[in-house]
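Novice: The structure file protein-v4.cif (mmCIF, C-alpha atoms and all ligand atoms) is provided below.
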data_query
loop_
_atom_site.group_PDB
_atom_site.id
_atom_site.type_symbol
_atom_site.label_atom_id
_atom_site.label_comp_id
_atom_site.auth_asym_id
_atom_site.auth_seq_id
_atom_site.Cartn_x
_atom_site.Cartn_y
_atom_site.Cartn_z
ATOM 1 C CA MET A 1 106.431 135.173 79.936
ATOM 2 C CA LYS A 2 104.683 134.614 83.212
ATOM 3 C CA VAL A 3 103.884 131.077 84.267
ATOM 4 C CA GLU A 4 101.063 130.268 86.597
ATOM 5 C CA ASP A 5 103.004 129.744 89.743
ATOM 6 C CA PHE A 6 102.056 126.968 92.111
ATOM 7 C CA THR A 7 104.784 127.872 94.594
ATOM 8 C CA SER A 8 102.784 130.868 95.806
ATOM 9 C CA GLN A 9 99.595 128.798 95.732
ATOM 10 C CA VAL A 10 101.164 126.133 97.946
ATOM 11 C CA GLU A 11 102.466 128.851 100.251
ATOM 12 C CA GLY A 12 98.999 130.436 100.288
ATOM 13 C CA ALA A 13 97.310 127.139 101.215
ATOM 14 C CA PHE A 14 99.879 126.602 103.957
ATOM 15 C CA LEU A 15 99.354 130.103 105.364
ATOM 16 C CA ILE A 16 95.575 129.751 105.342
ATOM 17 C CA ILE A 17 95.771 126.441 107.213
ATOM 18 C CA VAL A 18 98.182 127.892 109.760
ATOM 19 C CA ALA A 19 96.001 130.992 110.206
ATOM 20 C CA ILE A 20 92.839 128.912 110.744
ATOM 21 C CA SER A 21 94.674 126.653 113.190
ATOM 22 C CA VAL A 22 95.986 129.626 115.168
ATOM 23 C CA VAL A 23 92.539 131.242 115.367
ATOM 24 C CA LEU A 24 91.007 127.954 116.519
ATOM 25 C CA LEU A 25 93.768 127.295 119.049
ATOM 26 C CA VAL A 26 93.454 130.756 120.586
ATOM 27 C CA GLY A 27 89.632 130.666 120.493
ATOM 28 C CA ILE A 28 89.361 127.236 122.103
ATOM 29 C CA THR A 29 91.931 128.077 124.769
ATOM 30 C CA ILE A 30 90.130 131.308 125.694
ATOM 31 C CA ALA A 31 86.753 129.518 125.807
ATOM 32 C CA MET A 32 88.238 126.772 127.975
ATOM 33 C CA ILE A 33 89.756 129.183 130.488
ATOM 34 C CA TYR A 34 86.542 131.202 130.568
ATOM 35 C CA PHE A 35 84.478 128.063 131.254
ATOM 36 C CA VAL A 36 86.808 126.956 134.027
ATOM 37 C CA PHE A 37 86.121 130.214 135.874
ATOM 38 C CA ARG A 38 82.537 130.782 134.846
ATOM 39 C CA TYR A 39 81.351 127.287 135.781
ATOM 40 C CA HIS A 40 83.598 126.704 138.781
ATOM 41 C CA HIS A 41 81.719 124.696 141.480
ATOM 42 C CA THR A 42 81.835 127.611 143.934
ATOM 43 C CA ARG A 43 79.775 129.667 141.475
ATOM 44 C CA HIS A 44 77.742 126.753 140.118
ATOM 45 C CA LYS A 45 76.601 124.537 142.969
ATOM 46 C CA THR A 46 74.257 122.325 140.936
ATOM 47 C CA PRO A 47 75.264 121.273 137.414
ATOM 48 C CA LYS A 48 72.588 121.505 134.754
ATOM 49 C CA ASP A 49 71.780 118.538 132.522
ATOM 50 C CA ILE A 50 71.330 119.533 128.884
ATOM 51 C CA HIS A 51 69.654 117.124 126.467
ATOM 52 C CA GLY A 52 70.757 118.321 123.080
ATOM 53 C CA ASN A 53 70.563 121.700 121.397
ATOM 54 C CA LEU A 54 69.662 121.642 117.729
ATOM 55 C CA SER A 55 70.991 125.071 116.777
ATOM 56 C CA LEU A 56 74.333 124.422 118.509
ATOM 57 C CA GLU A 57 74.654 121.076 116.733
ATOM 58 C CA ILE A 58 73.957 122.697 113.381
ATOM 59 C CA ILE A 59 76.541 125.389 114.082
ATOM 60 C CA TRP A 60 79.321 123.000 115.056
ATOM 61 C CA THR A 61 78.640 120.820 112.060
ATOM 62 C CA VAL A 62 78.309 123.544 109.459
ATOM 63 C CA ILE A 63 81.180 125.818 110.510
ATOM 64 C CA PRO A 64 83.903 123.107 110.608
ATOM 65 C CA THR A 65 82.611 121.732 107.290
ATOM 66 C CA ILE A 66 83.011 125.150 105.693
ATOM 67 C CA ILE A 67 86.495 125.528 107.192
ATOM 68 C CA VAL A 68 87.617 122.086 105.994
ATOM 69 C CA LEU A 69 86.180 122.635 102.505
ATOM 70 C CA GLY A 70 87.937 126.006 102.365
ATOM 71 C CA MET A 71 91.284 124.428 103.238
ATOM 72 C CA PHE A 72 90.641 121.689 100.693
ATOM 73 C CA TYR A 73 89.844 124.245 98.018
ATOM 74 C CA TYR A 74 93.120 126.125 98.450
ATOM 75 C CA GLY A 75 95.078 122.873 98.523
ATOM 76 C CA TRP A 76 93.298 121.659 95.407
ATOM 77 C CA VAL A 77 93.975 124.829 93.423
ATOM 78 C CA GLY A 78 97.721 124.506 94.040
ATOM 79 C CA TYR A 79 97.678 120.793 93.341
ATOM 80 C CA ARG A 80 95.937 121.292 90.004
ATOM 81 C CA THR A 81 98.500 123.809 88.795
ATOM 82 C CA MET A 82 101.264 121.500 89.959
ATOM 83 C CA ASP A 83 99.696 118.540 88.190
ATOM 84 C CA ARG A 84 99.281 120.244 84.806
ATOM 85 C CA ILE A 85 102.626 120.361 83.136
ATOM 86 C CA PRO A 86 102.781 123.330 80.724
ATOM 87 C CA GLU A 87 103.066 122.328 77.082
ATOM 88 C CA ASN A 88 106.030 124.588 76.402
ATOM 89 C CA ALA A 89 108.121 123.065 79.180
ATOM 90 C CA LEU A 90 111.752 122.153 78.627
ATOM 91 C CA THR A 91 112.089 118.425 79.261
ATOM 92 C CA VAL A 92 114.876 117.001 81.382
ATOM 93 C CA GLU A 93 115.210 113.269 82.008
ATOM 94 C CA THR A 94 115.970 112.864 85.684
ATOM 95 C CA ILE A 95 117.410 109.730 87.195
ATOM 96 C CA GLY A 96 117.568 109.032 90.905
ATOM 97 C CA ARG A 97 119.919 106.309 92.025
ATOM 98 C CA MET A 98 121.832 105.304 95.113
ATOM 99 C CA TRP A 99 123.024 107.993 95.874
ATOM 100 C CA SER A 100 123.015 110.781 93.379
ATOM 101 C CA TRP A 101 120.920 112.539 90.735
ATOM 102 C CA SER A 102 121.530 112.691 87.024
ATOM 103 C CA PHE A 103 119.936 115.058 84.500
ATOM 104 C CA THR A 104 119.889 114.523 80.751
ATOM 105 C CA TYR A 105 118.813 117.302 78.395
ATOM 106 C CA GLU A 106 117.230 117.013 74.987
ATOM 107 C CA ASN A 107 120.574 117.646 73.283
ATOM 108 C CA GLY A 108 122.273 114.783 75.113
ATOM 109 C CA VAL A 109 124.020 116.885 77.750
ATOM 110 C CA GLN A 110 124.277 115.100 81.068
ATOM 111 C CA THR A 111 124.849 116.850 84.389
ATOM 112 C CA ASP A 112 124.520 116.202 88.086
ATOM 113 C CA THR A 113 123.212 119.705 88.787
ATOM 114 C CA LEU A 114 119.930 120.859 87.285
ATOM 115 C CA TYR A 115 120.451 123.993 85.168
ATOM 116 C CA VAL A 116 117.287 125.838 84.204
ATOM 117 C CA PRO A 117 116.394 129.153 82.607
ATOM 118 C CA VAL A 118 114.492 131.644 84.760
ATOM 119 C CA ASN A 119 110.734 131.888 84.130
ATOM 120 C CA GLN A 120 110.644 128.832 81.954
ATOM 121 C CA PRO A 121 108.659 125.775 83.007
ATOM 122 C CA VAL A 122 110.869 122.707 83.188
ATOM 123 C CA ARG A 123 109.419 119.245 83.013
ATOM 124 C CA LEU A 124 111.281 116.518 84.850
ATOM 125 C CA ASN A 125 110.656 112.914 83.862
ATOM 126 C CA LEU A 126 111.595 111.000 86.958
ATOM 127 C CA LYS A 127 113.089 107.527 86.832
ATOM 128 C CA SER A 128 114.827 105.423 89.409
ATOM 129 C CA SER A 129 117.450 102.846 88.620
ATOM 130 C CA ASP A 130 117.238 101.101 91.971
ATOM 131 C CA VAL A 131 115.001 101.948 94.931
ATOM 132 C CA ILE A 132 112.416 104.636 95.726
ATOM 133 C CA HIS A 133 113.795 108.161 95.965
ATOM 134 C CA SER A 134 111.946 111.442 96.115
ATOM 135 C CA PHE A 135 112.891 114.601 94.252
ATOM 136 C CA TYR A 136 112.443 117.505 96.611
ATOM 137 C CA VAL A 137 113.069 121.219 96.042
ATOM 138 C CA PRO A 138 111.933 123.013 99.207
ATOM 139 C CA ALA A 139 112.246 126.485 97.664
ATOM 140 C CA PHE A 140 109.739 125.616 94.919
ATOM 141 C CA LYS A 141 107.475 123.596 97.218
ATOM 142 C CA VAL A 142 107.704 120.529 95.019
ATOM 143 C CA LYS A 143 108.337 116.943 95.936
ATOM 144 C CA LYS A 144 107.657 113.850 93.893
ATOM 145 C CA ASP A 145 108.516 110.205 94.409
ATOM 146 C CA VAL A 146 110.940 108.570 92.021
ATOM 147 C CA VAL A 147 109.823 104.965 91.839
ATOM 148 C CA PRO A 148 111.524 102.160 89.921
ATOM 149 C CA GLY A 149 109.313 101.023 87.026
ATOM 150 C CA VAL A 150 107.017 104.043 87.310
ATOM 151 C CA ASN A 151 107.149 107.029 84.956
ATOM 152 C CA ASN A 152 106.465 109.978 87.213
ATOM 153 C CA SER A 153 106.885 113.521 86.061
ATOM 154 C CA MET A 154 106.719 116.937 87.622
ATOM 155 C CA TRP A 155 107.491 120.490 86.697
ATOM 156 C CA LEU A 156 108.998 123.559 88.234
ATOM 157 C CA SER A 157 109.754 127.092 87.277
ATOM 158 C CA ALA A 158 112.208 129.460 88.912
ATOM 159 C CA ASP A 159 111.112 133.084 88.959
ATOM 160 C CA GLN A 160 114.499 134.383 90.093
ATOM 161 C CA LYS A 161 118.054 133.440 89.299
ATOM 162 C CA GLY A 162 119.853 131.602 92.024
ATOM 163 C CA ASN A 163 120.811 128.271 93.513
ATOM 164 C CA TYR A 164 118.144 126.168 95.079
ATOM 165 C CA GLU A 165 118.733 123.061 97.150
ATOM 166 C CA VAL A 166 117.578 119.674 95.944
ATOM 167 C CA MET A 167 117.385 116.703 98.237
ATOM 168 C CA CYS A 168 116.081 113.184 98.380
ATOM 169 C CA ALA A 169 113.003 112.942 100.569
ATOM 170 C CA GLU A 170 112.597 109.186 100.702
ATOM 171 C CA TYR A 171 114.932 107.114 102.815
ATOM 172 C CA CYS A 172 116.941 105.101 100.312
ATOM 173 C CA GLY A 173 119.761 103.560 102.281
ATOM 174 C CA MET A 174 123.058 104.370 103.843
ATOM 175 C CA ARG A 175 123.944 107.563 101.992
ATOM 176 C CA HIS A 176 120.401 108.878 101.526
ATOM 177 C CA SER A 177 121.397 112.169 103.132
ATOM 178 C CA TYR A 178 124.149 112.640 100.545
ATOM 179 C CA MET A 179 121.671 112.851 97.666
ATOM 180 C CA LEU A 180 122.031 116.603 97.552
ATOM 181 C CA THR A 181 122.345 118.749 94.491
ATOM 182 C CA SER A 182 120.934 122.042 93.329
ATOM 183 C CA VAL A 183 118.791 123.753 90.778
ATOM 184 C CA VAL A 184 120.786 126.549 89.182
ATOM 185 C CA ALA A 185 118.450 129.078 87.623
ATOM 186 C CA MET A 186 119.954 131.530 85.175
ATOM 187 C CA PRO A 187 118.616 134.188 82.814
ATOM 188 C CA GLN A 188 117.356 132.772 79.511
ATOM 189 C CA GLU A 189 120.294 134.094 77.396
ATOM 190 C CA GLU A 190 122.837 132.780 79.838
ATOM 191 C CA PHE A 191 121.092 129.419 79.842
ATOM 192 C CA ASN A 192 120.957 129.319 76.057
ATOM 193 C CA ALA A 193 124.690 129.998 75.868
ATOM 194 C CA TRP A 194 125.388 127.268 78.411
ATOM 195 C CA TYR A 195 123.114 124.850 76.559
ATOM 196 C CA GLU A 196 124.819 125.539 73.243
ATOM 197 C CA ARG A 197 128.285 125.225 74.693
ATOM 198 C CA MET A 198 127.505 121.974 76.502
ATOM 199 C CA GLY A 199 125.767 120.583 73.424
ATOM 200 C CA GLN A 200 128.801 121.317 71.304
ATOM 201 C CA SER A 201 131.123 119.695 73.780
ATOM 202 C CA VAL A 202 129.019 116.525 73.567
ATOM 203 C CA VAL A 203 129.400 116.572 69.789
ATOM 204 C CA ARG A 204 133.107 117.349 70.081
ATOM 205 C CA ALA A 205 133.731 114.608 72.637
ATOM 206 C CA THR A 206 132.099 112.042 70.372
ATOM 207 C CA ALA A 207 134.151 113.260 67.422
ATOM 208 C CA VAL A 208 137.388 113.147 69.415
ATOM 209 C CA GLU A 209 136.609 109.635 70.540
ATOM 210 C CA GLU A 210 135.845 108.480 67.041
ATOM 211 C CA GLU A 211 139.066 109.983 65.765
ATOM 212 C CA ALA A 212 141.215 108.692 68.577
ATOM 213 C CA GLY A 213 139.651 105.258 68.286
ATOM 214 C CA GLU A 214 141.023 102.651 70.652
ATOM 215 C CA LYS A 215 144.046 104.649 71.729
ATOM 216 C CA LYS A 216 142.200 106.871 74.127
ATOM 217 C CA ILE A 217 140.109 104.220 75.794
ATOM 218 C CA GLY A 218 139.729 104.985 79.474
ATOM 219 C CA ALA A 219 140.025 108.749 79.000
ATOM 220 C CA ARG A 220 136.336 109.225 79.631
ATOM 221 C CA GLY A 221 136.594 107.215 82.843
ATOM 222 C CA PRO A 222 136.806 110.068 85.377
ATOM 223 C CA LYS A 223 133.776 111.789 83.870
ATOM 224 C CA LEU A 224 131.788 108.588 83.507
ATOM 225 C CA ILE A 225 132.224 107.467 87.105
ATOM 226 C CA GLN A 226 130.839 110.866 88.147
ATOM 227 C CA GLN A 227 127.939 110.833 85.696
ATOM 228 C CA LYS A 228 126.940 107.264 86.388
ATOM 229 C CA GLY A 229 126.985 107.817 90.118
ATOM 230 C CA CYS A 230 129.864 105.436 90.942
ATOM 231 C CA THR A 231 131.561 108.083 93.059
ATOM 232 C CA ALA A 232 128.632 108.113 95.473
ATOM 233 C CA CYS A 233 130.125 104.937 96.947
ATOM 234 C CA HIS A 234 133.608 104.438 95.495
ATOM 235 C CA THR A 235 136.568 106.765 95.855
ATOM 236 C CA THR A 236 139.579 107.067 93.583
ATOM 237 C CA ASP A 237 142.021 108.033 96.324
ATOM 238 C CA GLY A 238 142.114 104.791 98.290
ATOM 239 C CA SER A 239 139.789 105.906 101.093
ATOM 240 C CA ARG A 240 137.002 103.611 102.090
ATOM 241 C CA MET A 241 133.385 104.589 101.500
ATOM 242 C CA VAL A 242 130.328 102.395 101.015
ATOM 243 C CA GLY A 243 132.173 100.295 98.446
ATOM 244 C CA PRO A 244 135.860 99.519 97.895
ATOM 245 C CA SER A 245 138.010 102.311 96.484
ATOM 246 C CA PHE A 246 139.004 101.992 92.823
ATOM 247 C CA LYS A 247 142.557 103.007 93.559
ATOM 248 C CA GLY A 248 145.102 100.265 93.206
ATOM 249 C CA ILE A 249 142.430 97.611 93.035
ATOM 250 C CA TYR A 250 143.562 96.159 89.713
ATOM 251 C CA GLY A 251 145.800 93.130 90.095
ATOM 252 C CA GLN A 252 145.100 92.828 93.827
ATOM 253 C CA ASN A 253 144.099 89.627 95.502
ATOM 254 C CA GLU A 254 140.796 89.985 97.287
ATOM 255 C CA ILE A 255 138.643 87.764 99.420
ATOM 256 C CA VAL A 256 135.120 87.750 98.045
ATOM 257 C CA LEU A 257 131.907 86.110 99.099
ATOM 258 C CA GLU A 258 130.316 84.002 96.401
ATOM 259 C CA ASP A 259 127.095 82.192 97.332
ATOM 260 C CA GLY A 260 128.064 82.612 100.956
ATOM 261 C CA GLN A 261 131.492 81.001 100.431
ATOM 262 C CA GLU A 262 134.745 82.889 100.874
ATOM 263 C CA LYS A 263 136.973 82.755 97.850
ATOM 264 C CA GLU A 264 140.226 84.405 96.876
ATOM 265 C CA ILE A 265 140.296 86.081 93.512
ATOM 266 C CA THR A 266 142.601 88.357 91.560
ATOM 267 C CA VAL A 267 141.055 91.582 90.323
ATOM 268 C CA ASP A 268 141.253 91.452 86.530
ATOM 269 C CA GLU A 269 139.199 93.029 83.763
ATOM 270 C CA GLU A 270 136.658 90.250 83.815
ATOM 271 C CA TYR A 271 136.180 90.673 87.561
ATOM 272 C CA ILE A 272 135.648 94.436 87.232
ATOM 273 C CA ARG A 273 133.143 93.944 84.411
ATOM 274 C CA ARG A 274 131.231 91.392 86.432
ATOM 275 C CA SER A 275 131.302 93.586 89.537
ATOM 276 C CA ILE A 276 129.623 96.334 87.543
ATOM 277 C CA ARG A 277 127.073 94.256 85.661
ATOM 278 C CA ARG A 278 126.286 91.767 88.435
ATOM 279 C CA PRO A 279 127.680 93.209 91.670
ATOM 280 C CA SER A 280 126.000 90.664 93.923
ATOM 281 C CA ALA A 281 127.793 87.705 92.283
ATOM 282 C CA GLN A 282 130.963 88.327 94.282
ATOM 283 C CA ILE A 283 130.992 90.697 97.231
ATOM 284 C CA THR A 284 134.340 91.891 98.542
ATOM 285 C CA LYS A 285 134.743 90.749 102.132
ATOM 286 C CA GLY A 286 133.961 93.488 104.628
ATOM 287 C CA PHE A 287 131.481 95.272 102.350
ATOM 288 C CA GLN A 288 127.743 95.002 102.031
ATOM 289 C CA ASN A 289 125.801 93.835 99.037
ATOM 290 C CA LEU A 290 124.264 97.211 98.148
ATOM 291 C CA MET A 291 125.100 98.043 94.573
ATOM 292 C CA PRO A 292 122.327 97.811 91.981
ATOM 293 C CA PRO A 293 123.341 95.903 88.817
ATOM 294 C CA GLN A 294 124.280 98.306 86.012
ATOM 295 C CA THR A 295 122.326 97.087 83.030
ATOM 296 C CA SER A 296 123.344 97.894 79.466
ATOM 297 C CA GLN A 297 120.584 100.526 79.371
ATOM 298 C CA MET A 298 122.226 102.306 82.284
ATOM 299 C CA LEU A 299 125.771 101.793 81.111
ATOM 300 C CA SER A 300 126.591 100.843 77.519
ATOM 301 C CA ASP A 301 129.277 98.277 76.681
ATOM 302 C CA GLU A 302 131.589 101.054 75.466
ATOM 303 C CA GLU A 303 131.085 102.980 78.668
ATOM 304 C CA LEU A 304 131.770 99.828 80.655
ATOM 305 C CA GLU A 305 135.061 99.348 78.818
ATOM 306 C CA GLU A 306 135.998 102.983 79.445
ATOM 307 C CA ILE A 307 135.484 102.513 83.166
ATOM 308 C CA VAL A 308 137.309 99.178 83.255
ATOM 309 C CA ALA A 309 140.282 100.728 81.440
ATOM 310 C CA TYR A 310 140.261 103.696 83.778
ATOM 311 C CA ILE A 311 140.172 101.578 86.953
ATOM 312 C CA LYS A 312 143.003 99.482 85.555
ATOM 313 C CA GLU A 313 145.140 102.612 85.307
ATOM 314 C CA LEU A 314 144.332 103.907 88.799
ATOM 315 C CA LYS A 315 147.468 102.976 90.676
HETATM 316 CU CU1 LIG A 401 117.494 108.719 97.504
HETATM 317 CU CU2 LIG A 401 116.952 108.991 99.737
#
Give the structure from the file, written as structure tokens.
Ligand code: CUA

Specialist:
Amino acid sequence: MKVEDFTSQVEGAFLIIVAISVVLLVGITIAMIYFVFRYHHTRHKTPKDIHGNLSLEIIWTVIPTIIVLGMFYYGWVGYRTMDRIPENALTVETIGRMWSWSFTYENGVQTDTLYVPVNQPVRLNLKSSDVIHSFYVPAFKVKKDVVPGVNNSMWLSADQKGNYEVMCAEYCGMRHSYMLTSVVAMPQEEFNAWYERMGQSVVRATAVEEEAGEKKIGARGPKLIQQKGCTACHTTDGSRMVGPSFKGIYGQNEIVLEDGQEKEITVDEEYIRRSIRRPSAQITKGFQNLMPPQTSQMLSDEELEEIVAYIKELK
């Protein structure tokens, strides 16, 4: 199935604008040089005073108007295609946060890379959990702001299999430039197989958890801290990034800033929970207050406990 492709329309509009600009640049430069010679004072002793020329005025009003309308038309055509999300699009919930992307499919699968089938329109519902980001795929000529509290959406369609870069195009803080991921486009059958497999593993994981009950709490930790974007700022190997490393943090004494006052605390479960739900309450000395609070919509209570248990174990 062939989708009306705005990528080529955007490229077309860009080419037309560049072509017109080049023609104008060359034309104006040639005219200027010609005038410099033709009307040099040695050849033109007495300058002539001209008081208006109706036909010239009409020409330089009408021609630029036509050119500008032409450029507008090509831009508009591409914009319209881009703005109309095809009905049959596959929907992927996309979350931008400091400083990573997260994609959730209709079957509950969550990834940090966007997998799409070739030649299939994909609708992205864009949400931000903190500040303004912008979802940008240069190869597809699409870019859309991801604004907290605003439900933006966009669509794209890959016409060839491959990996396409995704970046954040709105400055969103310290690690803005690290908000890189990719769109992986694969043939429909390959995608279907991947989708099935991933969907089943979601079902299986839930089943395993239910069976294992409390015993396995914390086992989902490593995956969760990836999915929820924690690893954008916190390492698990002790190295310092934007936030304190998780490694060995449990049981440590730390100096924190609470309402501007320094205070010594011991890292316990309650402290870790609070640091996730209300990070600004106590800021570890030497770090900045940057982390957005993780509400229960972003991170369920069970997920919170998984992460707490996991951090506790990270010696
Ligand atoms: Cu997100 Cu820049």

Novice: To verify the selection step, state as a PyMOL selection string which residues the PyMOL selection byres (((chain A and resi 170-183) around 10) and not hetatm) yields on this input.

Specialist: chain A and resi 96-102+112-116+130-137+139+144-146+158+161-169+184-186+232-233+241-242+290

Novice: List, as an mmCIF file with C-alpha atoms, in the frame of the given file, every residue that the PyMOL selection byres (((chain A and resi 257-274) around 12) and not hetatm) selects in the file provided.

Specialist:
data_model
loop_
_atom_site.group_PDB
_atom_site.id
_atom_site.type_symbol
_atom_site.label_atom_id
_atom_site.label_comp_id
_atom_site.auth_asym_id
_atom_site.auth_seq_id
_atom_site.Cartn_x
_atom_site.Cartn_y
_atom_site.Cartn_z
ATOM 1 C CA PRO A 244 135.860 99.519 97.895
ATOM 2 C CA PHE A 246 139.004 101.992 92.823
ATOM 3 C CA LYS A 247 142.557 103.007 93.559
ATOM 4 C CA GLY A 248 145.102 100.265 93.206
ATOM 5 C CA ILE A 249 142.430 97.611 93.035
ATOM 6 C CA TYR A 250 143.562 96.159 89.713
ATOM 7 C CA GLY A 251 145.800 93.130 90.095
ATOM 8 C CA GLN A 252 145.100 92.828 93.827
ATOM 9 C CA ASN A 253 144.099 89.627 95.502
ATOM 10 C CA GLU A 254 140.796 89.985 97.287
ATOM 11 C CA ILE A 255 138.643 87.764 99.420
ATOM 12 C CA VAL A 256 135.120 87.750 98.045
ATOM 13 C CA SER A 275 131.302 93.586 89.537
ATOM 14 C CA ILE A 276 129.623 96.334 87.543
ATOM 15 C CA ARG A 277 127.073 94.256 85.661
ATOM 16 C CA ARG A 278 126.286 91.767 88.435
ATOM 17 C CA PRO A 279 127.680 93.209 91.670
ATOM 18 C CA SER A 280 126.000 90.664 93.923
ATOM 19 C CA ALA A 281 127.793 87.705 92.283
ATOM 20 C CA GLN A 282 130.963 88.327 94.282
ATOM 21 C CA ILE A 283 130.992 90.697 97.231
ATOM 22 C CA THR A 284 134.340 91.891 98.542
ATOM 23 C CA LYS A 285 134.743 90.749 102.132
ATOM 24 C CA GLY A 286 133.961 93.488 104.628
ATOM 25 C CA PHE A 287 131.481 95.272 102.350
ATOM 26 C CA GLN A 288 127.743 95.002 102.031
ATOM 27 C CA ASN A 289 125.801 93.835 99.037
ATOM 28 C CA PRO A 293 123.341 95.903 88.817
ATOM 29 C CA GLN A 294 124.280 98.306 86.012
ATOM 30 C CA THR A 295 122.326 97.087 83.030
ATOM 31 C CA SER A 296 123.344 97.894 79.466
ATOM 32 C CA LEU A 299 125.771 101.793 81.111
ATOM 33 C CA SER A 300 126.591 100.843 77.519
ATOM 34 C CA ASP A 301 129.277 98.277 76.681
ATOM 35 C CA GLU A 302 131.589 101.054 75.466
ATOM 36 C CA GLU A 303 131.085 102.980 78.668
ATOM 37 C CA LEU A 304 131.770 99.828 80.655
ATOM 38 C CA GLU A 305 135.061 99.348 78.818
ATOM 39 C CA GLU A 306 135.998 102.983 79.445
ATOM 40 C CA ILE A 307 135.484 102.513 83.166
ATOM 41 C CA VAL A 308 137.309 99.178 83.255
ATOM 42 C CA ALA A 309 140.282 100.728 81.440
ATOM 43 C CA TYR A 310 140.261 103.696 83.778
ATOM 44 C CA ILE A 311 140.172 101.578 86.953
ATOM 45 C CA LYS A 312 143.003 99.482 85.555
ATOM 46 C CA GLU A 313 145.140 102.612 85.307
#

Novice: Using all atoms listed in the file, pick whichever of A:Met71, A:Val142, A:Ile66, A:Val147 has the shortest atom-to-atom distance to ligand LIG 401 (chain A).

Specialist: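 Closest to ligand LIG 401 (chain A) of all the choices is A:Val147.
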
Novice: Would you pick out the contacts of A:Leu156 at 9 Å or less, using only C-alpha atoms, so that residues sharing its chain but fewer than 5 positions from it are not included, and give the list as a PyMOL selection string?

Specialist: chain A and resi 5-7+82+85+120-124+140+142

Novice: Measure the distance from atom CA of A:Leu15 to atom CA of A:Gly75 in Å and round it to one decimal.

Specialist: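 Straight-line distance from atom CA of A:Leu15 to atom CA of A:Gly75 works out to 10.8 Å.
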
Novice: Between atom CA of A:Asn107 and atom CA of A:Glu196, what is the spacing in Å?

Specialist: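 Going from atom CA of A:Glu196 over to atom CA of A:Asn107, I get 9.0 Å.
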
Novice: One decimal, Å: what's the distance from atom CA of A:Arg220 over to atom CA of A:Ser129, could you say?

Specialist: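 Between atom CA of A:Arg220 and atom CA of A:Ser129 the gap is 21.9 Å.
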
Novice: Between A:Ile95, A:Phe191, A:Tyr105, A:His234, which has the minimum distance to A:Met298 (counting all atoms listed in the file)?

Specialist: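 Looking at the shortest contact to A:Met298, the residue is A:Ile95.
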
Novice: Point out the residue among A:Ser201, A:Ser128, A:Thr231, A:Thr81 with the least atom-to-atom distance to ligand LIG 401 (chain A), counting all atoms listed in the file.

Specialist: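 Among the listed residues, A:Ser128 lies closest to ligand LIG 401 (chain A).
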
Novice: Please determine, counting all atoms listed in the file, which residue among A:Met198, A:Pro148, A:Ala13, A:Glu189 has the shortest atom-to-atom distance to ligand LIG 401 (chain A).

Specialist: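 When distances to ligand LIG 401 (chain A) are compared using all atoms listed in the file, the smallest one comes from A:Pro148.
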
Novice: Return the padded bounding box of stretch 188-198 of chain A as lines of an AutoDock Vina configuration file: axis-aligned, built from all atoms listed in the file, 8 Å added on each side, with centre and edge lengths in Å to one decimal.

Specialist:
center_x = 122.8
center_y = 128.0
center_z = 76.5
size_x = 26.9
size_y = 28.1
size_z = 22.6
